[in-house]
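**Q** For reference, the structure I am asking about is given below.
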Number of protein chains: 2
Amino acid sequence: MSAVNDQQDIKREKILEASYQRFLHYGYSKTTMNEIAGDLSMSKALLYYYFPDKSELYMAVMRKLAGDYLKQLEDKLGHFTDLREAFLFQVNTHHEFIVNNYNFFDFFRLNEQNLPDTIWEIVGHIREAEIKLLTGAIQSEVEKGNIKPVANTIEIVEVFLDALHGIKVGGSLPQKKLSFPNKEHLDEIHNKRLLLIAIFVKGLK
Amino acid sequence: MSAVNDQQDIKREKILEASYQRFLHYGYSKTTMNEIAGDLSMSKALLYYYFPDKSELYMAVMRKLAGDYLKQLEDKLGHFTDLREAFLFQVNTHHEFIVNNYNFFDFFRLNEQNLPDTIWEIVGHIREAEIKLLTGAIQSEVEKGNIKPVANTIEIVEVFLDALHGIKVGGSLPQKKLSFPNKEHLDEIHNKRLLLIAIFVKGLK
DNA sequence: AAATTGATAGTTTTGTTAAAAAAGTCAGGA
DNA sequence: TCCTGACTTTTTTAACAAAACTATCAATTT
């Protein structure tokens with residue numbers, strides 16, 4: 001019985017992997033069930049044997065991706081020597097996650113306004129983990145006596161996360177929405193984030 | 001000659017006012033030149049006598065709005081007693097500006113990715129004025145010996161403004177990164193910005 | 001000449017509908 | 001239980017006509 005389920009799980013994984021490649025390369029709407037089935041040399045009907053429909057398949061892939069990301073965060077949880085280190089880790093890991101899977105998220109851009117609840121659920125988990133990581137780091141500093149205790153740690157972390165993500169390139173000229181930052185911009189952003197961290201952490205003490 | 005131009009200017013103003021009301025109430029795309037002309041009891045063709053086309057008309061209104069906003073900032077320039085006051089004034093004025101003209105900016109939401117250069121030009125002016133106001137406030141505090149400069153003042157202000165713009169809605173649940181904030185969320189965002197100010201200003205001292 | 005308009009040309013948006021493509025189902029076979 | 005080909009239903013696409021809107025201009029008034 002468990003051998004059977006193992007086989008099923010293996011095939012499920014194969015399907016998830018093939019789907020991920022398609023979604024990543026072509027996006028949700030430009031990927032057909034026939035194509036995924038073709039990549040795996042199986043019939044389309046078999047896909048529907050393993051997954052109820054296309055969007056459920058997509059969300060299963062999404063869940064897997066989110067799981068990997070969460071694992072990265074949780075492995076590091078509580079292993080920081082100071083606040084700056086924690087914040088930098090969070091920002092870099094998040095950025096990497098977004099950039100590496102950029103095309104995968106076209107589903108988000110497409111449905112923009114009303115995404116399925118399952119998506120929000122996953123996003124909620126991610127956000128929770130991020131907040132947990134950073135509040136943990138702050139609390140740790142509080143216990144060490146490096147900063148004074150604050151009441152609304154979560155709110156502070158949320159503001160901090162938002163602020164970090166708001167940092168963009170290009171001094172007085174407004175931000176270009178969809179263009180990826182190139183190397184010189186990455187350094188500029190990095191330096192500005194360091195400055196924000198310095199000021200913000202000082203403001204917490 | 002100047003009497004003639006006065007008359008023209010008055011009529012231009014009338015057109016700008018009527019256009020502003022339409023744009024504010026219905027947005028750019030749901031406003032027609034016929035409707036504006038109708039409000040003013042003039043022919044549509046006359047609008048084209050005063051303004052080259054619809055988008056130029058819109059941008060003329062925009063320029064006027066930006067001018068009012070800039071004037072508010074400049075009137076207060078150098079009249080602050082402390083840093084927090086200056087930052088609060090900036091954020092509150094900006095918030096009021098956005099809230100009061102929220103529907104007017106649907107043009108931005110519509111064209112999101114590629115806006116005309118003229119728009120960027122106006123936004124650039126606003127950004128410049130904001131930076132001028134806040135750098136002035138910081139310099140003033142530095143001269144009074146109330147704070148010690150941690151870095152280039154302009155850089156600090158840019159980071160602050162970026163951080164402000166990064167503030168988004170959505171506690172632990174939805175994180176609509178890609179969509180424009182909608183009206184109900186503006187107050188929540190405003191509150192989070194106030195928190196950011198509190199911490200940021202403290203971090204500068 | 002400057003200001004104004006009705007008529008009209010040119011362009012974009014909005015249905016409408018038929019064909020194509022894709023999602024999703026099912027009876028039945030290994 | 002796993003799998004498929006054939007089938008049905010839903011969604012997307014394409015083509016095109018009608019409507020709405022922008023923009024122009026010769027003609028008229030002030």
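Here, A, B, ... name the chains of the structure tokens in the order displayed, residue numbers run from 1 inside each chain, and ligands are numbered from 1 in the same displayed order.
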Select, as a VMD selection string, those residues of chain A with any atom no more than 6 Å from chain B (distances computed using only C-alpha atoms).

**A** chain A and resid 124 162 to 163 165 to 167 173 199 to 200 202 to 203

**Q** Hey, can you spit out that residue selection with N, CA and C atoms as a PDB file, in the first residue's frame?

**A**
```pdb
ATOM      1  N   GLY A 124       0.301  34.442   2.729  1.00  0.00           N
ATOM      2  CA  GLY A 124       0.213  34.712   4.164  1.00  0.00           C
ATOM      3  C   GLY A 124       1.258  33.944   4.955  1.00  0.00           C
ATOM      4  N   ASP A 162       8.267  46.789   4.469  1.00  0.00           N
ATOM      5  CA  ASP A 162       7.740  47.640   3.406  1.00  0.00           C
ATOM      6  C   ASP A 162       8.759  48.686   3.000  1.00  0.00           C
ATOM      7  N   ALA A 163       9.380  49.288   3.998  1.00  0.00           N
ATOM      8  CA  ALA A 163      10.355  50.339   3.716  1.00  0.00           C
ATOM      9  C   ALA A 163      11.518  49.791   2.895  1.00  0.00           C
ATOM     10  N   HIS A 165      11.529  47.277   0.879  1.00  0.00           N
ATOM     11  CA  HIS A 165      11.092  46.983  -0.485  1.00  0.00           C
ATOM     12  C   HIS A 165      10.831  48.242  -1.288  1.00  0.00           C
ATOM     13  N   GLY A 166      10.662  49.342  -0.582  1.00  0.00           N
ATOM     14  CA  GLY A 166      10.431  50.604  -1.284  1.00  0.00           C
ATOM     15  C   GLY A 166      11.688  51.207  -1.855  1.00  0.00           C
ATOM     16  N   ILE A 167      12.831  50.750  -1.390  1.00  0.00           N
ATOM     17  CA  ILE A 167      14.095  51.322  -1.865  1.00  0.00           C
ATOM     18  C   ILE A 167      14.286  51.011  -3.337  1.00  0.00           C
ATOM     19  N   LEU A 173      14.774  60.937 -10.062  1.00  0.00           N
ATOM     20  CA  LEU A 173      13.852  60.472 -11.107  1.00  0.00           C
ATOM     21  C   LEU A 173      13.068  59.265 -10.607  1.00  0.00           C
ATOM     22  N   ILE A 199      19.976  53.601  10.183  1.00  0.00           N
ATOM     23  CA  ILE A 199      19.123  54.617  10.806  1.00  0.00           C
ATOM     24  C   ILE A 199      17.990  53.969  11.588  1.00  0.00           C
ATOM     25  N   PHE A 200      17.389  52.968  10.969  1.00  0.00           N
ATOM     26  CA  PHE A 200      16.221  52.331  11.586  1.00  0.00           C
ATOM     27  C   PHE A 200      16.602  51.636  12.892  1.00  0.00           C
ATOM     28  N   LYS A 202      19.113  52.239  14.751  1.00  0.00           N
ATOM     29  CA  LYS A 202      19.439  53.283  15.732  1.00  0.00           C
ATOM     30  C   LYS A 202      18.158  53.853  16.338  1.00  0.00           C
ATOM     31  N   GLY A 203      17.147  53.967  15.491  1.00  0.00           N
ATOM     32  CA  GLY A 203      15.878  54.505  15.969  1.00  0.00           C
ATOM     33  C   GLY A 203      15.149  53.569  16.918  1.00  0.00           C
TER      34      GLY A 203
END
```

**Q** Could the residues of chain A within 8 Å of chain D, counting only C-alpha atoms (C1' of nucleotides), be given as a list in words, please?

**A**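 Applying the cut-off to the listed atoms yields Ser43, Ala45 and Leu46 of chain A.
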
**Q** Would you kindly return, as a VMD selection string, each protein, DNA or RNA residue with an atom no farther than 7 Å from any atom of Gly136 of chain B, considering only C-alpha atoms (C1' of nucleotides) and excluding same-chain residues fewer than 4 positions away?

**A** chain B and resid 78 132 140

**Q** Emit the selected residues as a CSV table (one decimal), in the first residue's frame, including N, CA and C atoms.

**A**
```csv
chain,number,residue,atom,x,y,z
B,78,GLY,N,11.8,76.0,5.8
B,78,GLY,CA,12.6,76.7,6.8
B,78,GLY,C,11.9,77.2,8.0
B,132,LYS,N,14.2,69.0,-1.1
B,132,LYS,CA,14.7,70.3,-0.7
B,132,LYS,C,14.2,70.6,0.7
B,140,SER,N,19.2,72.2,9.2
B,140,SER,CA,18.8,73.1,10.2
B,140,SER,C,19.1,72.5,11.6
```

**Q** Name the residues in contact with Leu70 of chain B at a cut-off of 8 Å, using only C-alpha atoms (C1' of nucleotides), excluding same-chain residues fewer than 3 positions from it; report them as a PyMOL selection string.

**A** chain B and resi 66-67+73-74+126+129

**Q** Would you save the residues from that selection as a PDB file, in the first residue's frame, using N, CA and C atoms?

**A**
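As a result, result_7.pdb now contains:
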```
ATOM      1  N   ALA B  66       0.097  70.230  -9.328  1.00  0.00           N
ATOM      2  CA  ALA B  66       1.449  70.085  -8.787  1.00  0.00           C
ATOM      3  C   ALA B  66       1.958  71.434  -8.285  1.00  0.00           C
ATOM      4  N   GLY B  67       1.635  72.485  -9.013  1.00  0.00           N
ATOM      5  CA  GLY B  67       2.041  73.827  -8.606  1.00  0.00           C
ATOM      6  C   GLY B  67       1.482  74.192  -7.241  1.00  0.00           C
ATOM      7  N   LEU B  73       4.452  73.340   0.000  1.00  0.00           N
ATOM      8  CA  LEU B  73       5.738  72.932   0.568  1.00  0.00           C
ATOM      9  C   LEU B  73       6.660  74.133   0.744  1.00  0.00           C
ATOM     10  N   GLU B  74       6.755  74.946  -0.304  1.00  0.00           N
ATOM     11  CA  GLU B  74       7.721  76.048  -0.281  1.00  0.00           C
ATOM     12  C   GLU B  74       7.362  77.118   0.734  1.00  0.00           C
ATOM     13  N   ILE B 126       8.201  67.675  -8.199  1.00  0.00           N
ATOM     14  CA  ILE B 126       7.641  67.442  -6.869  1.00  0.00           C
ATOM     15  C   ILE B 126       8.677  66.787  -5.960  1.00  0.00           C
ATOM     16  N   ALA B 129      11.279  69.199  -4.801  1.00  0.00           N
ATOM     17  CA  ALA B 129      10.796  70.097  -3.745  1.00  0.00           C
ATOM     18  C   ALA B 129      10.738  69.375  -2.409  1.00  0.00           C
TER      19      ALA B 129
END
```

**Q** Near chain A, which residues of chain C fall within 10 Å when you count only C-alpha atoms (C1' of nucleotides), and what do they look like as a list in words?

**A** DA21, DA22, DA23, DG24 and DT25 of chain C

**Q** To one decimal place in Å, what is the distance between atom CA of Arg84 of chain B and atom CA of Glu188 of chain B?

**A**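 Interatomic distance, atom CA of Arg84 of chain B to atom CA of Glu188 of chain B: 19.7 Å.
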
**Q** From a DSSP pass on the backbone, collect the residues of segment 8-186 of chain A flagged as alpha helix (DSSP H) and hand them back as a compact mmCIF listing (two decimals) with N, CA and C atoms, in the first residue's frame.

**A**
```
# COMPACT_ATOMS: atom_id res chain seq x y z
N GLN A 8 2.83 6.82 -6.56
CA GLN A 8 1.98 7.98 -6.85
C GLN A 8 2.70 9.29 -6.56
N ASP A 9 3.36 9.30 -5.38
CA ASP A 9 4.04 10.53 -5.00
C ASP A 9 5.16 10.88 -5.98
N ILE A 10 5.86 9.85 -6.41
CA ILE A 10 6.95 10.09 -7.38
C ILE A 10 6.39 10.69 -8.66
N LYS A 11 5.29 10.13 -9.12
CA LYS A 11 4.69 10.65 -10.35
C LYS A 11 4.17 12.06 -10.15
N ARG A 12 3.59 12.27 -8.99
CA ARG A 12 3.13 13.64 -8.67
C ARG A 12 4.29 14.63 -8.74
N GLU A 13 5.41 14.23 -8.19
CA GLU A 13 6.60 15.09 -8.20
C GLU A 13 7.03 15.39 -9.63
N LYS A 14 7.01 14.34 -10.46
CA LYS A 14 7.39 14.50 -11.86
C LYS A 14 6.50 15.53 -12.52
N ILE A 15 5.19 15.38 -12.26
CA ILE A 15 4.24 16.31 -12.84
C ILE A 15 4.50 17.74 -12.35
N LEU A 16 4.74 17.87 -11.07
CA LEU A 16 5.01 19.20 -10.51
C LEU A 16 6.26 19.81 -11.14
N GLU A 17 7.28 18.99 -11.32
CA GLU A 17 8.52 19.50 -11.89
C GLU A 17 8.31 19.97 -13.33
N ALA A 18 7.64 19.12 -14.13
CA ALA A 18 7.39 19.50 -15.53
C ALA A 18 6.52 20.74 -15.60
N SER A 19 5.51 20.80 -14.76
CA SER A 19 4.62 21.96 -14.74
C SER A 19 5.39 23.23 -14.37
N TYR A 20 6.25 23.08 -13.36
CA TYR A 20 7.04 24.23 -12.93
C TYR A 20 7.86 24.78 -14.08
N GLN A 21 8.50 23.91 -14.83
CA GLN A 21 9.32 24.36 -15.96
C GLN A 21 8.48 25.11 -16.98
N ARG A 22 7.31 24.57 -17.28
CA ARG A 22 6.43 25.22 -18.25
C ARG A 22 5.96 26.58 -17.73
N PHE A 23 5.47 26.58 -16.49
CA PHE A 23 4.95 27.82 -15.91
C PHE A 23 6.05 28.88 -15.82
N LEU A 24 7.24 28.43 -15.46
CA LEU A 24 8.35 29.36 -15.30
C LEU A 24 8.76 29.96 -16.64
N HIS A 25 8.72 29.13 -17.66
CA HIS A 25 9.22 29.57 -18.97
C HIS A 25 8.16 30.36 -19.74
N TYR A 26 6.93 29.88 -19.70
CA TYR A 26 5.90 30.48 -20.55
C TYR A 26 4.80 31.21 -19.77
N MET A 33 -2.38 22.16 -20.66
CA MET A 33 -2.31 20.84 -20.03
C MET A 33 -1.76 19.81 -21.01
N ASN A 34 -2.10 19.98 -22.27
CA ASN A 34 -1.58 19.09 -23.30
C ASN A 34 -0.06 19.14 -23.37
N GLU A 35 0.48 20.35 -23.26
CA GLU A 35 1.93 20.51 -23.33
C GLU A 35 2.62 19.84 -22.15
N ILE A 36 2.06 20.04 -20.98
CA ILE A 36 2.65 19.39 -19.80
C ILE A 36 2.60 17.88 -19.96
N ALA A 37 1.44 17.40 -20.38
CA ALA A 37 1.31 15.95 -20.60
C ALA A 37 2.31 15.48 -21.64
N GLY A 38 2.45 16.26 -22.71
CA GLY A 38 3.40 15.91 -23.75
C GLY A 38 4.82 15.81 -23.22
N ASP A 39 5.23 16.78 -22.40
CA ASP A 39 6.57 16.77 -21.82
C ASP A 39 6.82 15.49 -21.03
N LYS A 44 -3.24 13.68 -21.35
CA LYS A 44 -3.75 14.80 -20.58
C LYS A 44 -4.70 14.32 -19.48
N ALA A 45 -5.45 13.29 -19.81
CA ALA A 45 -6.43 12.77 -18.84
C ALA A 45 -5.75 12.30 -17.56
N LEU A 46 -4.52 11.82 -17.70
CA LEU A 46 -3.81 11.34 -16.51
C LEU A 46 -3.49 12.49 -15.56
N LEU A 47 -3.22 13.64 -16.13
CA LEU A 47 -2.98 14.81 -15.29
C LEU A 47 -4.18 15.05 -14.40
N TYR A 48 -5.35 14.88 -14.99
CA TYR A 48 -6.58 15.11 -14.24
C TYR A 48 -6.85 13.98 -13.24
N TYR A 49 -6.14 12.89 -13.42
CA TYR A 49 -6.23 11.83 -12.42
C TYR A 49 -5.48 12.23 -11.16
N TYR A 50 -4.36 12.97 -11.36
CA TYR A 50 -3.52 13.34 -10.22
C TYR A 50 -3.88 14.71 -9.62
N LYS A 54 -6.39 22.68 -13.58
CA LYS A 54 -5.15 23.39 -13.89
C LYS A 54 -4.71 24.30 -12.75
N SER A 55 -5.65 25.05 -12.21
CA SER A 55 -5.26 26.02 -11.20
C SER A 55 -4.78 25.32 -9.92
N GLU A 56 -5.38 24.16 -9.62
CA GLU A 56 -4.91 23.39 -8.47
C GLU A 56 -3.49 22.89 -8.70
N LEU A 57 -3.21 22.52 -9.94
CA LEU A 57 -1.86 22.09 -10.28
C LEU A 57 -0.88 23.24 -10.08
N TYR A 58 -1.26 24.39 -10.58
CA TYR A 58 -0.41 25.58 -10.44
C TYR A 58 -0.15 25.86 -8.96
N MET A 59 -1.20 25.79 -8.19
CA MET A 59 -1.05 26.13 -6.78
C MET A 59 -0.24 25.09 -6.02
N ALA A 60 -0.30 23.84 -6.48
CA ALA A 60 0.55 22.82 -5.88
C ALA A 60 2.02 23.14 -6.11
N VAL A 61 2.33 23.58 -7.35
CA VAL A 61 3.70 23.99 -7.64
C VAL A 61 4.09 25.17 -6.76
N MET A 62 3.19 26.10 -6.68
CA MET A 62 3.39 27.29 -5.85
C MET A 62 3.68 26.92 -4.40
N ARG A 63 2.89 25.99 -3.89
CA ARG A 63 3.07 25.56 -2.51
C ARG A 63 4.47 24.99 -2.30
N LYS A 64 4.90 24.24 -3.32
CA LYS A 64 6.23 23.62 -3.22
C LYS A 64 7.31 24.71 -3.19
N LEU A 65 7.20 25.65 -4.10
CA LEU A 65 8.16 26.76 -4.14
C LEU A 65 8.19 27.49 -2.81
N ALA A 66 7.00 27.80 -2.33
CA ALA A 66 6.91 28.54 -1.06
C ALA A 66 7.55 27.73 0.06
N GLY A 67 7.34 26.42 0.00
CA GLY A 67 7.94 25.56 1.01
C GLY A 67 9.46 25.66 1.03
N ASP A 68 10.06 25.64 -0.17
CA ASP A 68 11.51 25.77 -0.26
C ASP A 68 11.97 27.09 0.35
N TYR A 69 11.25 28.13 0.00
CA TYR A 69 11.60 29.47 0.50
C TYR A 69 11.50 29.51 2.02
N LEU A 70 10.38 29.00 2.53
CA LEU A 70 10.17 28.98 3.98
C LEU A 70 11.28 28.21 4.68
N LYS A 71 11.68 27.11 4.07
CA LYS A 71 12.72 26.29 4.68
C LYS A 71 14.01 27.09 4.81
N GLN A 72 14.35 27.83 3.77
CA GLN A 72 15.54 28.69 3.82
C GLN A 72 15.49 29.62 5.02
N LEU A 73 14.33 30.23 5.22
CA LEU A 73 14.19 31.18 6.32
C LEU A 73 14.29 30.48 7.67
N GLU A 74 13.56 29.37 7.78
CA GLU A 74 13.48 28.71 9.09
C GLU A 74 14.81 28.09 9.51
N ASP A 75 15.59 27.65 8.52
CA ASP A 75 16.90 27.08 8.86
C ASP A 75 17.78 28.10 9.56
N LYS A 76 17.59 29.35 9.22
CA LYS A 76 18.45 30.41 9.77
C LYS A 76 17.89 31.02 11.05
N LEU A 83 21.16 42.34 14.38
CA LEU A 83 19.97 42.71 13.62
C LEU A 83 20.27 42.90 12.14
N ARG A 84 21.34 43.58 11.87
CA ARG A 84 21.66 43.90 10.47
C ARG A 84 21.78 42.62 9.65
N GLU A 85 22.44 41.66 10.26
CA GLU A 85 22.63 40.38 9.55
C GLU A 85 21.28 39.74 9.22
N ALA A 86 20.38 39.76 10.18
CA ALA A 86 19.06 39.18 9.98
C ALA A 86 18.30 39.87 8.84
N PHE A 87 18.34 41.17 8.86
CA PHE A 87 17.60 41.93 7.84
C PHE A 87 18.20 41.72 6.45
N LEU A 88 19.49 41.71 6.38
CA LEU A 88 20.13 41.51 5.07
C LEU A 88 19.80 40.13 4.53
N PHE A 89 19.84 39.14 5.40
CA PHE A 89 19.51 37.78 4.95
C PHE A 89 18.10 37.72 4.40
N GLN A 90 17.18 38.31 5.13
CA GLN A 90 15.78 38.32 4.71
C GLN A 90 15.62 38.96 3.33
N VAL A 91 16.21 40.12 3.17
CA VAL A 91 16.05 40.87 1.92
C VAL A 91 16.68 40.13 0.75
N ASN A 92 17.86 39.62 0.97
CA ASN A 92 18.55 38.93 -0.13
C ASN A 92 17.83 37.65 -0.53
N THR A 93 17.38 36.91 0.45
CA THR A 93 16.68 35.65 0.16
C THR A 93 15.39 35.92 -0.60
N HIS A 94 14.65 36.92 -0.14
CA HIS A 94 13.40 37.28 -0.80
C HIS A 94 13.64 37.72 -2.24
N HIS A 95 14.64 38.56 -2.41
CA HIS A 95 14.94 39.07 -3.75
C HIS A 95 15.30 37.93 -4.70
N GLU A 96 16.12 37.03 -4.20
CA GLU A 96 16.52 35.88 -5.01
C GLU A 96 15.30 35.05 -5.41
N PHE A 97 14.42 34.83 -4.46
CA PHE A 97 13.19 34.05 -4.69
C PHE A 97 12.35 34.68 -5.80
N ILE A 98 12.19 35.99 -5.74
CA ILE A 98 11.37 36.68 -6.74
C ILE A 98 12.04 36.65 -8.11
N VAL A 99 13.30 36.99 -8.14
CA VAL A 99 14.00 37.07 -9.43
C VAL A 99 14.06 35.70 -10.10
N ASN A 100 14.39 34.67 -9.33
CA ASN A 100 14.52 33.34 -9.90
C ASN A 100 13.22 32.81 -10.49
N ASP A 106 3.51 35.38 -13.27
CA ASP A 106 2.67 36.14 -14.20
C ASP A 106 1.19 35.86 -13.91
N PHE A 107 0.94 34.74 -13.27
CA PHE A 107 -0.43 34.44 -12.83
C PHE A 107 -0.95 35.54 -11.92
N PHE A 108 -0.08 36.05 -11.07
CA PHE A 108 -0.44 37.12 -10.15
C PHE A 108 -0.78 38.38 -10.93
N ARG A 109 0.09 38.70 -11.88
CA ARG A 109 -0.10 39.93 -12.65
C ARG A 109 -1.37 39.86 -13.48
N LEU A 110 -1.67 38.64 -13.95
CA LEU A 110 -2.84 38.46 -14.82
C LEU A 110 -4.13 38.67 -14.05
N ASN A 111 -4.25 38.00 -12.91
CA ASN A 111 -5.50 38.06 -12.16
C ASN A 111 -5.54 39.20 -11.16
N ASP A 117 -8.28 32.18 -2.95
CA ASP A 117 -7.93 32.21 -1.53
C ASP A 117 -6.66 31.42 -1.23
N THR A 118 -6.52 30.32 -1.96
CA THR A 118 -5.34 29.47 -1.71
C THR A 118 -4.05 30.25 -1.87
N ILE A 119 -4.02 31.12 -2.90
CA ILE A 119 -2.84 31.96 -3.11
C ILE A 119 -2.58 32.84 -1.90
N TRP A 120 -3.62 33.49 -1.44
CA TRP A 120 -3.47 34.38 -0.28
C TRP A 120 -2.98 33.60 0.94
N GLU A 121 -3.46 32.38 1.02
CA GLU A 121 -3.04 31.53 2.12
C GLU A 121 -1.53 31.31 2.08
N ILE A 122 -1.04 30.96 0.91
CA ILE A 122 0.40 30.72 0.75
C ILE A 122 1.19 31.99 1.02
N VAL A 123 0.74 33.08 0.40
CA VAL A 123 1.42 34.35 0.60
C VAL A 123 1.43 34.73 2.08
N GLY A 124 0.30 34.44 2.73
CA GLY A 124 0.21 34.71 4.16
C GLY A 124 1.26 33.94 4.95
N HIS A 125 1.44 32.67 4.61
CA HIS A 125 2.44 31.86 5.30
C HIS A 125 3.83 32.45 5.13
N ILE A 126 4.12 32.85 3.90
CA ILE A 126 5.44 33.42 3.63
C ILE A 126 5.66 34.68 4.47
N ARG A 127 4.68 35.52 4.40
CA ARG A 127 4.77 36.78 5.14
C ARG A 127 4.95 36.52 6.64
N GLU A 128 4.20 35.54 7.12
CA GLU A 128 4.30 35.17 8.53
C GLU A 128 5.72 34.76 8.90
N ALA A 129 6.29 33.90 8.04
CA ALA A 129 7.64 33.41 8.31
C ALA A 129 8.64 34.57 8.31
N GLU A 130 8.46 35.48 7.38
CA GLU A 130 9.37 36.64 7.31
C GLU A 130 9.28 37.46 8.58
N ILE A 131 8.04 37.70 9.00
CA ILE A 131 7.84 38.50 10.21
C ILE A 131 8.40 37.78 11.43
N LYS A 132 8.17 36.47 11.47
CA LYS A 132 8.68 35.68 12.59
C LYS A 132 10.20 35.79 12.68
N LEU A 133 10.82 35.67 11.53
CA LEU A 133 12.29 35.76 11.48
C LEU A 133 12.77 37.08 12.06
N LEU A 134 12.16 38.16 11.61
CA LEU A 134 12.66 39.48 11.99
C LEU A 134 12.24 39.88 13.40
N THR A 135 11.01 39.53 13.78
CA THR A 135 10.63 39.83 15.16
C THR A 135 11.51 39.03 16.12
N GLY A 136 11.80 37.79 15.74
CA GLY A 136 12.70 36.98 16.56
C GLY A 136 14.04 37.67 16.74
N ALA A 137 14.56 38.20 15.63
CA ALA A 137 15.85 38.89 15.69
C ALA A 137 15.78 40.10 16.61
N ILE A 138 14.68 40.83 16.51
CA ILE A 138 14.54 42.02 17.35
C ILE A 138 14.43 41.62 18.82
N GLN A 139 13.57 40.62 19.09
CA GLN A 139 13.39 40.17 20.47
C GLN A 139 14.73 39.73 21.07
N SER A 140 15.49 39.02 20.25
CA SER A 140 16.80 38.56 20.69
C SER A 140 17.68 39.72 21.12
N GLU A 141 17.64 40.78 20.32
CA GLU A 141 18.42 41.97 20.66
C GLU A 141 17.92 42.61 21.94
N VAL A 142 16.60 42.57 22.09
CA VAL A 142 16.02 43.14 23.31
C VAL A 142 16.53 42.39 24.54
N GLU A 143 16.51 41.04 24.44
CA GLU A 143 16.96 40.24 25.56
C GLU A 143 18.44 40.47 25.87
N LYS A 144 19.20 40.70 24.82
CA LYS A 144 20.63 40.98 25.02
C LYS A 144 20.84 42.39 25.57
N THR A 153 6.13 45.06 18.14
CA THR A 153 7.24 44.58 17.34
C THR A 153 6.80 44.20 15.93
N ILE A 154 5.67 43.53 15.85
CA ILE A 154 5.20 43.07 14.54
C ILE A 154 4.94 44.24 13.60
N GLU A 155 4.29 45.23 14.13
CA GLU A 155 3.98 46.40 13.29
C GLU A 155 5.26 47.06 12.80
N ILE A 156 6.23 47.14 13.69
CA ILE A 156 7.52 47.73 13.33
C ILE A 156 8.19 46.93 12.21
N VAL A 157 8.12 45.61 12.36
CA VAL A 157 8.74 44.76 11.33
C VAL A 157 8.03 44.93 10.00
N GLU A 158 6.72 45.03 10.05
CA GLU A 158 5.98 45.23 8.80
C GLU A 158 6.38 46.53 8.12
N VAL A 159 6.45 47.58 8.90
CA VAL A 159 6.88 48.86 8.34
C VAL A 159 8.29 48.74 7.79
N PHE A 160 9.12 48.05 8.52
CA PHE A 160 10.50 47.89 8.10
C PHE A 160 10.60 47.13 6.78
N LEU A 161 9.86 46.04 6.67
CA LEU A 161 9.85 45.26 5.43
C LEU A 161 9.38 46.10 4.26
N ASP A 162 8.27 46.79 4.47
CA ASP A 162 7.74 47.64 3.41
C ASP A 162 8.76 48.69 3.00
N ALA A 163 9.38 49.29 4.00
CA ALA A 163 10.36 50.34 3.72
C ALA A 163 11.52 49.79 2.89
N LEU A 164 12.01 48.64 3.28
CA LEU A 164 13.11 48.03 2.53
C LEU A 164 12.72 47.77 1.08
N HIS A 165 11.53 47.28 0.88
CA HIS A 165 11.09 46.98 -0.49
C HIS A 165 10.83 48.24 -1.29
N GLY A 166 10.66 49.34 -0.58
CA GLY A 166 10.43 50.60 -1.28
C GLY A 166 11.69 51.21 -1.86
N LYS A 183 23.80 45.69 -12.44
CA LYS A 183 24.82 45.55 -11.39
C LYS A 183 25.08 46.84 -10.61
N GLU A 184 25.25 47.91 -11.31
CA GLU A 184 25.53 49.16 -10.59
C GLU A 184 24.35 49.56 -9.72
N HIS A 185 23.14 49.27 -10.20
CA HIS A 185 21.96 49.57 -9.41
C HIS A 185 21.88 48.70 -8.16
N LEU A 186 22.30 47.46 -8.31
CA LEU A 186 22.26 46.55 -7.16
C LEU A 186 23.11 47.10 -6.03
```
